[in-house]
file final20.txt (compact mmCIF, C-alpha atoms and all ligand atoms)
# COMPACT_ATOMS: atom_id res chain seq x y z
CA MET T 1 58.29 -53.30 118.20
CA ASN T 2 61.46 -55.44 118.31
CA ASP T 3 60.10 -57.32 115.33
CA TYR T 4 59.55 -54.03 113.47
CA LEU T 5 63.07 -52.78 114.12
CA SER T 6 64.75 -56.06 113.25
CA ARG T 7 62.86 -56.11 109.95
CA LEU T 8 63.80 -52.47 109.35
CA PHE T 9 67.52 -53.10 109.93
CA HIS T 10 67.38 -56.33 107.93
CA ASP T 11 66.05 -54.51 104.87
CA SER T 12 67.73 -51.13 105.12
CA GLY T 13 71.09 -51.82 106.80
CA VAL T 14 71.77 -48.41 108.31
CA VAL T 15 68.93 -46.48 109.96
CA GLU T 16 68.84 -42.80 110.85
CA LEU T 17 67.12 -41.90 114.10
CA CYS T 18 65.93 -38.29 114.06
CA HIS T 19 64.78 -36.46 117.14
CA MET T 20 62.80 -33.28 116.43
CA ASP T 21 62.16 -31.11 119.43
CA HIS T 22 60.85 -27.54 119.25
CA GLY T 23 62.57 -26.87 115.94
CA ARG T 24 65.83 -28.60 116.89
CA ILE T 25 66.81 -31.59 114.77
CA TRP T 26 69.23 -34.20 116.05
CA SER T 27 70.10 -37.26 113.96
CA THR T 28 72.22 -40.32 114.70
CA TRP T 29 72.87 -43.33 112.46
CA HIS T 30 72.72 -46.94 113.65
CA ASN T 31 73.64 -50.43 112.50
CA ASP T 32 71.44 -52.39 114.91
CA PRO T 33 68.19 -52.06 116.90
CA ASP T 34 69.90 -51.98 120.32
CA SER T 35 72.03 -48.98 119.46
CA LEU T 36 68.99 -47.17 118.02
CA MET T 37 66.83 -47.92 121.07
CA LEU T 38 69.56 -46.67 123.39
CA ALA T 39 69.70 -43.37 121.49
CA ALA T 40 65.89 -43.18 121.44
CA ALA T 41 65.78 -43.62 125.22
CA SER T 42 68.31 -40.84 125.72
CA ALA T 43 66.06 -38.44 123.77
CA GLY T 44 63.91 -38.18 126.88
CA ASP T 45 60.25 -37.25 127.10
CA SER T 46 60.02 -34.33 124.73
CA GLY T 47 59.77 -33.91 120.97
CA ASN T 48 59.15 -36.64 118.41
CA LEU T 49 61.23 -39.56 117.09
CA PHE T 50 61.50 -40.63 113.47
CA THR T 51 63.55 -43.06 111.40
CA THR T 52 64.47 -43.47 107.76
CA LEU T 53 62.87 -46.45 106.02
CA ASN T 54 64.87 -47.19 102.88
CA ARG T 55 68.22 -48.82 102.21
CA VAL T 56 71.16 -46.50 102.63
CA GLU T 57 74.41 -46.58 100.63
CA PRO T 58 76.76 -46.56 103.66
CA ALA T 59 79.90 -45.34 101.85
CA LEU T 60 78.06 -42.40 100.25
CA LEU T 61 76.42 -41.52 103.54
CA GLY T 62 79.78 -41.70 105.35
CA ASP T 63 81.36 -39.30 102.86
CA TYR T 64 78.41 -36.94 103.13
CA LEU T 65 78.45 -36.87 106.92
CA LYS T 66 82.22 -36.28 106.90
CA SER T 67 81.68 -33.32 104.55
CA GLN T 68 79.17 -31.89 107.02
CA ALA T 69 81.79 -31.93 109.78
CA GLY T 70 79.44 -32.00 112.73
CA ARG T 71 76.84 -29.62 111.29
CA THR T 72 73.21 -30.66 111.62
CA ALA T 73 72.65 -33.23 108.91
CA ARG T 74 69.99 -35.59 107.69
CA THR T 75 70.24 -38.49 105.26
CA PRO T 76 70.11 -36.98 101.74
CA ASP T 77 67.87 -38.61 99.14
CA ALA T 78 70.96 -39.26 97.00
CA CYS T 79 72.42 -41.55 99.71
CA ILE T 80 69.49 -43.97 99.46
CA HIS T 81 70.46 -47.03 97.46
CA ARG T 82 66.99 -48.48 97.01
CA TYR T 83 63.43 -48.26 98.22
CA THR T 84 62.76 -51.10 100.63
CA ARG T 85 59.42 -49.66 101.75
CA LEU T 86 56.49 -48.03 100.00
CA PHE T 87 55.20 -45.69 102.66
CA PHE T 88 51.67 -44.27 102.61
CA ASP T 89 50.40 -41.80 105.21
CA LEU T 90 46.75 -40.95 105.84
CA ASP T 91 46.13 -38.01 108.12
CA PRO T 92 42.80 -36.67 109.31
CA THR T 93 42.11 -33.01 108.55
CA ARG T 94 42.22 -31.10 111.82
CA PRO T 95 43.32 -27.80 113.35
CA LYS T 96 46.98 -27.16 112.50
CA GLY T 97 49.59 -28.33 114.99
CA GLN T 98 47.18 -30.36 117.09
CA SER T 99 46.69 -34.03 117.83
CA SER T 100 43.71 -35.94 116.42
CA THR T 101 40.47 -36.75 118.18
CA ALA T 102 39.37 -40.40 118.43
CA ASP T 103 36.82 -39.84 115.64
CA GLU T 104 39.39 -38.26 113.33
CA LEU T 105 41.75 -41.15 113.98
CA ALA T 106 38.99 -43.65 113.20
CA ALA T 107 38.30 -41.91 109.88
CA ALA T 108 41.98 -42.20 108.93
CA GLU T 109 42.01 -45.89 109.87
CA LEU T 110 38.97 -46.58 107.71
CA ARG T 111 40.63 -44.82 104.78
CA ALA T 112 43.90 -46.72 105.27
CA ARG T 113 42.02 -50.03 105.32
CA GLY T 114 40.22 -49.02 102.12
CA LEU T 115 43.55 -48.34 100.44
CA VAL T 116 44.93 -51.72 101.54
CA ALA T 117 41.77 -53.46 100.29
CA LYS T 118 42.07 -51.77 96.91
CA LEU T 119 45.68 -52.87 96.49
CA ALA T 120 44.91 -56.38 97.79
CA ALA T 121 42.32 -56.64 95.02
CA LEU T 122 45.16 -55.91 92.57
CA GLY T 123 47.18 -58.78 94.06
CA TRP T 124 49.40 -56.77 96.40
CA PRO T 125 50.52 -58.61 99.59
CA MET T 126 49.55 -57.53 103.10
CA PRO T 127 51.44 -54.45 104.32
CA LEU T 128 52.40 -53.31 107.78
CA MET T 129 49.76 -51.01 109.25
CA ALA T 130 50.42 -48.51 111.99
CA MET T 131 48.61 -45.97 114.10
CA SER T 132 51.11 -43.13 113.95
CA GLY T 133 49.69 -41.16 116.86
CA ASN T 134 47.54 -38.84 114.77
CA GLY T 135 46.84 -40.84 111.62
CA TRP T 136 47.43 -44.18 109.96
CA HIS T 137 50.42 -45.51 108.04
CA VAL T 138 50.71 -48.29 105.50
CA GLN T 139 54.12 -49.77 104.66
CA PHE T 140 54.62 -52.26 101.86
CA ARG T 141 57.94 -54.09 101.60
CA THR T 142 59.56 -53.79 98.21
CA ALA T 143 62.92 -53.54 96.43
CA LEU T 144 63.13 -50.73 93.90
CA PRO T 145 66.28 -48.93 92.75
CA ASN T 146 66.51 -45.23 93.63
CA THR T 147 66.37 -44.02 90.01
CA PRO T 148 64.46 -41.32 88.10
CA GLU T 149 62.30 -44.11 86.61
CA THR T 150 61.23 -45.25 90.07
CA SER T 151 60.54 -41.64 91.10
CA GLU T 152 58.33 -41.24 88.04
CA GLN T 153 56.41 -44.43 88.89
CA LEU T 154 55.96 -43.34 92.49
CA ARG T 155 54.77 -39.90 91.43
CA ALA T 156 52.03 -41.51 89.34
CA ILE T 157 51.07 -43.85 92.19
CA TYR T 158 51.00 -41.16 94.88
CA ALA T 159 49.02 -38.80 92.63
CA GLY T 160 46.53 -41.57 91.78
CA LEU T 161 46.09 -42.69 95.38
CA ALA T 162 45.75 -39.07 96.53
CA ALA T 163 42.99 -38.44 93.98
CA GLU T 164 41.22 -41.58 95.14
CA PHE T 165 41.73 -41.47 98.91
CA SER T 166 41.89 -37.76 99.83
CA ASP T 167 38.91 -35.60 100.68
CA ASP T 168 37.91 -32.96 103.23
CA GLU T 169 38.04 -35.50 106.05
CA VAL T 170 41.26 -37.43 105.43
CA GLN T 171 44.32 -36.49 103.42
CA PHE T 172 46.58 -38.94 101.61
CA ASP T 173 50.01 -37.31 101.99
CA ARG T 174 51.74 -36.96 98.61
CA ALA T 175 54.86 -35.47 100.20
CA VAL T 176 56.17 -38.71 101.74
CA GLN T 177 57.43 -40.29 98.52
CA ASN T 178 61.06 -39.17 98.57
CA PRO T 179 63.60 -41.92 99.34
CA ALA T 180 65.06 -40.48 102.58
CA ARG T 181 61.61 -39.70 103.97
CA LEU T 182 61.30 -40.03 107.74
CA CYS T 183 58.62 -42.10 109.44
CA THR T 184 57.47 -42.18 113.06
CA LEU T 185 59.51 -44.53 115.26
CA TYR T 186 56.66 -46.86 116.20
CA GLY T 187 56.35 -47.29 119.94
CA SER T 188 57.33 -43.69 120.59
CA VAL T 189 54.81 -41.09 121.75
CA LYS T 190 53.64 -38.58 119.13
CA ARG T 191 53.57 -35.15 120.76
CA LYS T 192 51.76 -32.53 118.72
CA GLY T 193 50.17 -29.48 120.30
CA ILE T 194 48.88 -29.53 123.86
CA ASN T 195 48.19 -32.92 125.40
CA HIS T 196 44.43 -32.45 125.78
CA PRO T 197 41.94 -35.22 126.74
CA GLU T 198 40.10 -34.73 123.44
CA ARG T 199 43.31 -34.38 121.43
CA PRO T 200 45.77 -36.49 123.40
CA HIS T 201 49.39 -37.37 122.72
CA ARG T 202 49.36 -41.05 121.82
CA GLN T 203 51.88 -43.83 121.71
CA SER T 204 52.21 -44.99 118.10
CA VAL T 205 51.84 -48.70 117.44
CA CYS T 206 52.33 -50.96 114.43
CA GLN T 207 51.28 -54.41 113.34
CA VAL T 208 53.88 -56.33 111.34
CA PRO T 209 52.27 -59.00 109.13
CA ARG T 210 53.41 -62.53 109.97
CA ASP T 211 54.27 -63.08 106.32
CA TRP T 212 55.45 -59.65 105.18
CA ARG T 213 56.01 -60.36 101.52
CA GLN T 214 57.49 -57.89 99.05
CA VAL T 215 55.51 -56.09 96.38
CA HIS T 216 57.06 -57.12 93.08
CA PRO T 217 58.49 -54.27 90.95
CA ARG T 218 56.13 -55.47 88.21
CA GLN T 219 53.15 -54.77 90.48
CA VAL T 220 54.49 -51.29 91.26
CA ASP T 221 54.92 -50.66 87.55
CA GLY T 222 51.41 -51.99 86.90
CA LEU T 223 49.82 -49.63 89.41
CA ALA T 224 51.82 -46.66 88.07
CA ASN T 225 50.61 -47.47 84.55
CA LEU T 226 47.03 -47.88 85.71
CA TYR T 227 47.01 -44.42 87.26
CA ALA T 228 48.91 -42.84 84.36
CA ARG T 229 46.30 -44.31 81.97
CA GLN T 230 43.42 -42.98 84.07
CA THR T 231 45.04 -39.54 84.07
CA ARG T 232 45.36 -39.64 80.28
CA GLN T 233 41.75 -40.73 79.81
CA HIS T 234 40.02 -38.50 82.32
CA GLY T 235 42.51 -35.72 82.95
CA PRO T 236 44.46 -35.28 86.18
CA GLY T 237 42.20 -35.69 89.19
CA ALA T 238 39.14 -35.70 86.94
CA THR T 239 36.92 -37.28 89.57
CA THR T 240 37.81 -34.84 92.32
CA ARG T 241 38.45 -31.59 90.50
CA PRO T 242 36.09 -30.00 87.96
CA ALA T 243 39.12 -28.19 86.53
CA LYS T 244 38.44 -28.50 82.84
CA ALA T 245 34.75 -27.67 83.13
CA LEU T 246 35.65 -24.50 85.03
CA ALA T 247 38.24 -23.42 82.50
CA ALA T 248 35.86 -24.00 79.63
CA ALA T 249 33.26 -21.87 81.39
CA GLY T 250 35.51 -18.77 81.33
CA GLN T 251 34.52 -15.56 79.57
CA GLY T 252 37.07 -15.58 76.77
CA ASP T 253 36.63 -17.11 73.34
CA TYR T 254 39.71 -19.31 73.55
CA ALA T 255 39.87 -19.70 69.79
CA THR T 256 41.14 -16.10 69.89
CA LEU T 257 43.56 -16.70 72.82
CA ASN T 258 46.99 -15.24 71.98
CA VAL T 259 48.80 -18.15 73.55
CA VAL T 260 52.29 -16.81 72.70
CA ALA T 261 51.67 -13.48 74.45
CA TRP T 262 50.06 -15.31 77.35
CA PHE T 263 53.06 -17.61 77.95
CA ALA T 264 55.42 -14.64 77.47
CA ALA T 265 53.50 -12.70 80.13
CA HIS T 266 54.12 -15.59 82.52
CA GLY T 267 57.83 -15.62 81.67
CA ALA T 268 57.39 -19.08 80.15
CA TYR T 269 57.92 -18.39 76.43
CA VAL T 270 61.15 -19.84 74.97
CA GLY T 271 60.90 -19.30 71.19
CA PRO T 272 59.44 -20.41 67.85
CA LEU T 273 60.14 -24.00 66.74
CA ALA T 274 58.34 -24.54 63.42
CA GLY T 275 55.20 -23.12 61.85
CA HIS T 276 52.69 -22.40 64.58
CA VAL T 277 54.60 -24.53 67.13
CA HIS T 278 56.49 -22.70 69.87
CA GLY T 279 58.74 -23.94 72.66
CA VAL T 280 57.75 -22.97 76.20
CA ARG T 281 58.66 -23.77 79.77
CA CYS T 282 56.15 -26.17 81.28
CA PRO T 283 54.11 -24.54 84.09
CA TRP T 284 54.58 -27.82 85.98
CA SER T 285 58.31 -28.20 85.24
CA ASP T 286 59.12 -28.46 88.96
CA GLU T 287 57.21 -31.76 88.95
CA HIS T 288 59.32 -33.24 86.12
CA SER T 289 61.86 -35.86 87.07
CA THR T 290 64.35 -34.78 84.37
CA PRO T 291 65.36 -31.20 83.52
CA SER T 292 64.18 -29.59 80.28
CA PRO T 293 66.56 -28.80 77.38
CA LYS T 294 67.31 -25.09 76.80
CA SER T 295 65.48 -25.23 73.45
CA GLY T 296 62.17 -25.79 75.21
CA SER T 297 61.33 -28.57 72.76
CA ASP T 298 59.95 -30.87 75.45
CA THR T 299 56.97 -28.60 76.06
CA VAL T 300 55.23 -26.86 73.18
CA ILE T 301 52.24 -24.68 72.45
CA PHE T 302 50.31 -24.61 69.19
CA ALA T 303 49.20 -21.11 68.26
CA ASN T 304 45.67 -20.68 66.97
CA ASP T 305 45.43 -22.47 63.67
CA GLY T 306 42.18 -21.58 61.99
CA ASP T 307 39.08 -21.91 64.12
CA GLY T 308 40.15 -24.23 66.98
CA TRP T 309 41.61 -23.60 70.40
CA PRO T 310 45.35 -23.20 70.76
CA GLY T 311 47.10 -26.26 72.12
CA PHE T 312 49.51 -27.20 74.87
CA HIS T 313 51.56 -30.37 75.09
CA CYS T 314 54.26 -31.47 77.53
CA LYS T 315 56.00 -34.74 76.78
CA HIS T 316 57.01 -35.45 80.38
CA SER T 317 55.02 -38.37 81.68
CA HIS T 318 54.01 -36.42 84.77
CA CYS T 319 52.11 -34.05 82.49
CA ALA T 320 50.38 -36.85 80.57
CA GLY T 321 46.78 -35.85 79.87
CA ARG T 322 47.32 -32.16 80.51
CA ASP T 323 46.18 -29.78 77.81
CA ILE T 324 45.45 -26.10 77.31
CA ARG T 325 42.43 -26.32 79.63
CA ASP T 326 44.69 -27.31 82.52
CA VAL T 327 46.87 -24.26 81.84
CA LEU T 328 43.75 -22.08 81.75
CA THR T 329 42.81 -23.45 85.16
CA LEU T 330 46.30 -22.93 86.59
CA TRP T 331 46.77 -19.42 85.19
CA THR T 332 43.42 -17.75 85.69
CA ASP T 333 44.15 -14.70 83.49
CA GLY T 334 43.63 -16.43 80.13
CA ASP T 335 40.57 -14.30 79.35
CA ALA T 336 42.73 -11.17 79.26
CA PHE T 337 44.66 -12.61 76.28
CA CYS T 338 41.61 -13.40 74.17
CA ALA T 339 40.72 -11.03 71.33
CA ALA T 340 37.02 -11.71 71.80
CA ALA T 341 34.64 -12.70 74.56
CA PHE T 342 32.91 -16.01 74.05
CA ALA T 343 29.54 -15.55 72.31
CA PRO T 344 27.83 -18.90 71.63
CA MET T 345 25.18 -17.41 69.30
CA ARG T 346 27.79 -16.04 66.90
CA ARG T 347 28.82 -19.56 65.87
CA ALA T 348 25.26 -20.63 65.18
CA GLY T 349 24.73 -17.71 62.84
ZN ZN I 1 55.32 -30.70 82.04
call {"tool": "encode", "arguments": {"input": "final20.txt", "output": "structure tokens", "more": "lines below"}}
Ligand SMILES: [Zn+2]
result
Amino acid sequence: MNDYLSRLFHDSGVVELCHMDHGRIWSTWHNDPDSLMLAAASAGDSGNLFTTLNRVEPALLGDYLKSQAGRTARTPDACIHRYTRLFFDLDPTRPKGQSSTADELAAAELRARGLVAKLAALGWPMPLMAMSGNGWHVQFRTALPNTPETSEQLRAIYAGLAAEFSDDEVQFDRAVQNPARLCTLYGSVKRKGINHPERPHRQSVCQVPRDWRQVHPRQVDGLANLYARQTRQHGPGATTRPAKALAAAGQGDYATLNVVAWFAAHGAYVGPLAGHVHGVRCPWSDEHSTPSPKSGSDTVIFANDGDGWPGFHCKHSHCAGRDIRDVLTLWTDGDAFCAAAFAPMRRAG
């Protein structure tokens, strides 16, 4: 515990302690473990305690907190200088708002160890592992600048790991990738739902590796590229989601899909670009790390050109591998914009 906190302060400088209690959020910022532990002790025996993990830019944070003038505040993502931890969270699926059973916890542990083994096989060093109270955490040490490029890499990694390590039993949490993300204060008790013998409140605990080496930025980049390549080859989540097969099994003959009218109906049509190419707003634009230009030239559709299907292409790396079939899966009303129903025999004759 002391070892964990001293490593945390060593790498991140300033640490936010956040106490969440029945919807109330109370944060304080600390420069050393003693001050943080004192504040943690004063939080008493209710609610849950969390800390930030990554390195703060103290001057930016100071200005921000001053601007908040005593209002409830948390560390904004923009005040994180660099990622000093890669944080992965595996949570067993269970009734909402309740603690885990021993079996559910064991399933999450097994999954977390599988993830660590996979990354070890790729040459990654040993991470910290923690029982968070209801699930398992994995923290790798690293040093990555808080930039759009890093966000893009992390998006690819979290999406890839989620596709590989999530199922009905255990969920890999994709939401914990933002730089100011909070993590359980290890050693504190996780209180979720009623403290029931089968679903008890548990004291979280972590194991800091004796030699907690950093993951090299090159290794992070390598893993991001590996997952981005898999997505391009097999489609997003190809192994876990029969998305494209489903879309292709629809009733419409998609060679007659009026793709312009379809995008317009979804409020996503921007305008013609050249020939049969039209600019559109990407249906996944909220996942992009950079905003789209007004012209809509970063995402295009290709209207039916002869006998083939219309096309969709988004140049943002997060959309790599996505095509018109993914849009047909996302927007399920594509059939309504087809001039003809699909009739396999017609082609043969
Ligand atoms: Zn896109």
call {"tool": "residues_near_ligand", "arguments": {"input": "final20.txt", "ligand": "ligand ZN 1 (chain I)", "cutoff": "9 Å", "atoms": "only C-alpha atoms and all ligand atoms", "output": "compact mmCIF listing (two decimals) with C-alpha atoms, in the frame of the given file"}}
result
# COMPACT_ATOMS: atom_id res chain seq x y z
CA ARG T 281 58.66 -23.77 79.77
CA CYS T 282 56.15 -26.17 81.28
CA PRO T 283 54.11 -24.54 84.09
CA TRP T 284 54.58 -27.82 85.98
CA SER T 285 58.31 -28.20 85.24
CA ASP T 286 59.12 -28.46 88.96
CA GLU T 287 57.21 -31.76 88.95
CA HIS T 288 59.32 -33.24 86.12
CA ASP T 298 59.95 -30.87 75.45
CA THR T 299 56.97 -28.60 76.06
CA HIS T 313 51.56 -30.37 75.09
CA CYS T 314 54.26 -31.47 77.53
CA LYS T 315 56.00 -34.74 76.78
CA HIS T 316 57.01 -35.45 80.38
CA SER T 317 55.02 -38.37 81.68
CA HIS T 318 54.01 -36.42 84.77
CA CYS T 319 52.11 -34.05 82.49
CA ALA T 320 50.38 -36.85 80.57
CA ARG T 322 47.32 -32.16 80.51
call {"tool": "residues_around", "arguments": {"input": "final20.txt", "residues": "T:His201", "least_positions_apart": "6", "cutoff": "12 Å", "atoms": "only C-alpha atoms", "output": "list in words"}}
result
Asp45, Ser46, Gly47, Asn48, Gly97, Gln98, Ser99, Ser100, Thr101, Ala102, Ser132, Gly133, Asn134, Gly135, Ser188, Val189, Lys190, Arg191, Lys192, Gly193, Ile194 and Asn195 of chain T
call {"tool": "atom_distance", "arguments": {"input": "final20.txt", "atom1": "atom CA of T:Asp211", "atom2": "atom CA of T:Arg141"}}
result
10.8 Å
call {"tool": "residues_around", "arguments": {"input": "final20.txt", "residues": "stretch 33-41 of chain T", "least_positions_apart": "6", "cutoff": "8 Å", "atoms": "all atoms listed in the file", "output": "PyMOL selection string"}}
result
chain T and resi 2+5-6+9+17+49
call {"tool": "atom_distance", "arguments": {"input": "final20.txt", "atom1": "atom CA of T:Ala265", "atom2": "atom CA of T:Ala336"}}
result
10.9 Å
call {"tool": "closest_residue", "arguments": {"input": "final20.txt", "among": "T:Ser12, T:Thr329, T:Ser67, T:Thr93", "to": "T:Phe172", "atoms": "all atoms listed in the file"}}
result
T:Thr93
call {"tool": "atom_distance", "arguments": {"input": "final20.txt", "atom1": "atom CA of T:Thr147", "atom2": "atom CA of T:Tyr64"}}
result
19.2 Å
call {"tool": "closest_residue", "arguments": {"input": "final20.txt", "among": "T:Trp212, T:Val116, T:Leu90, T:Asn178", "to": "T:Ser166", "atoms": "only C-alpha atoms"}}
result
T:Leu90
call {"tool": "closest_residue", "arguments": {"input": "final20.txt", "among": "T:Arg155, T:Arg325, T:His137, T:Arg24", "to": "T:Ser289", "atoms": "all atoms listed in the file"}}
result
T:Arg155
call {"tool": "decode", "arguments": {"input": "final20.txt", "residues": "stretch 182-242 of chain T", "atoms": "C-alpha atoms", "output": "mmCIF file, in the first residue's frame"}}
result
data_model
loop_
_atom_site.group_PDB
_atom_site.id
_atom_site.type_symbol
_atom_site.label_atom_id
_atom_site.label_comp_id
_atom_site.auth_asym_id
_atom_site.auth_seq_id
_atom_site.Cartn_x
_atom_site.Cartn_y
_atom_site.Cartn_z
ATOM 1 C CA LEU T 182 -10.060 7.609 -11.634
ATOM 2 C CA CYS T 183 -8.989 4.297 -10.161
ATOM 3 C CA THR T 184 -9.852 2.668 -6.833
ATOM 4 C CA LEU T 185 -7.571 3.738 -3.969
ATOM 5 C CA TYR T 186 -6.145 0.301 -3.218
ATOM 6 C CA GLY T 187 -6.511 -0.635 0.425
ATOM 7 C CA SER T 188 -9.869 1.099 0.681
ATOM 8 C CA VAL T 189 -13.122 -0.841 0.955
ATOM 9 C CA LYS T 190 -15.288 -0.976 -2.180
ATOM 10 C CA ARG T 191 -18.894 -0.430 -1.135
ATOM 11 C CA LYS T 192 -21.403 -1.247 -3.840
ATOM 12 C CA GLY T 193 -24.973 -2.243 -3.060
ATOM 13 C CA ILE T 194 -25.882 -3.987 0.169
ATOM 14 C CA ASN T 195 -23.078 -5.702 2.063
ATOM 15 C CA HIS T 196 -24.421 -9.246 1.679
ATOM 16 C CA PRO T 197 -22.491 -12.448 2.579
ATOM 17 C CA GLU T 198 -22.730 -13.634 -1.039
ATOM 18 C CA ARG T 199 -21.981 -10.187 -2.464
ATOM 19 C CA PRO T 200 -19.803 -8.622 0.220
ATOM 20 C CA HIS T 201 -18.051 -5.266 0.350
ATOM 21 C CA ARG T 202 -14.356 -6.075 0.029
ATOM 22 C CA GLN T 203 -11.128 -4.319 0.806
ATOM 23 C CA SER T 204 -9.259 -3.779 -2.466
ATOM 24 C CA VAL T 205 -5.663 -4.951 -2.614
ATOM 25 C CA CYS T 206 -2.817 -4.610 -5.104
ATOM 26 C CA GLN T 207 0.461 -6.308 -5.828
ATOM 27 C CA VAL T 208 3.250 -4.010 -7.004
ATOM 28 C CA PRO T 209 5.881 -5.894 -9.038
ATOM 29 C CA ARG T 210 9.339 -5.790 -7.480
ATOM 30 C CA ASP T 211 10.751 -4.590 -10.778
ATOM 31 C CA TRP T 212 7.939 -2.445 -12.200
ATOM 32 C CA ARG T 213 9.434 -1.575 -15.547
ATOM 33 C CA GLN T 214 7.863 0.800 -18.055
ATOM 34 C CA VAL T 215 6.217 -0.282 -21.276
ATOM 35 C CA HIS T 216 8.173 1.414 -24.046
ATOM 36 C CA PRO T 217 6.161 3.787 -26.287
ATOM 37 C CA ARG T 218 7.323 1.616 -29.197
ATOM 38 C CA GLN T 219 5.568 -1.392 -27.636
ATOM 39 C CA VAL T 220 2.383 0.641 -27.166
ATOM 40 C CA ASP T 221 2.573 1.728 -30.793
ATOM 41 C CA GLY T 222 3.216 -1.875 -31.855
ATOM 42 C CA LEU T 223 0.132 -3.177 -30.067
ATOM 43 C CA ALA T 224 -2.019 -0.336 -31.456
ATOM 44 C CA ASN T 225 -0.838 -1.204 -34.975
ATOM 45 C CA LEU T 226 -1.445 -4.900 -34.430
ATOM 46 C CA TYR T 227 -5.055 -4.289 -33.453
ATOM 47 C CA ALA T 228 -5.608 -1.672 -36.174
ATOM 48 C CA ARG T 229 -4.306 -4.203 -38.744
ATOM 49 C CA GLN T 230 -6.612 -6.931 -37.425
ATOM 50 C CA THR T 231 -9.553 -4.537 -37.654
ATOM 51 C CA ARG T 232 -8.667 -3.718 -41.265
ATOM 52 C CA GLN T 233 -8.312 -7.382 -42.208
ATOM 53 C CA HIS T 234 -11.299 -8.847 -40.431
ATOM 54 C CA GLY T 235 -13.544 -5.869 -39.786
ATOM 55 C CA PRO T 236 -14.154 -4.345 -36.359
ATOM 56 C CA GLY T 237 -14.825 -7.035 -33.780
ATOM 57 C CA ALA T 238 -15.056 -9.651 -36.522
ATOM 58 C CA THR T 239 -14.526 -12.541 -34.136
ATOM 59 C CA THR T 240 -17.187 -11.478 -31.666
ATOM 60 C CA ARG T 241 -19.817 -9.808 -33.817
ATOM 61 C CA PRO T 242 -21.367 -11.324 -36.955
#
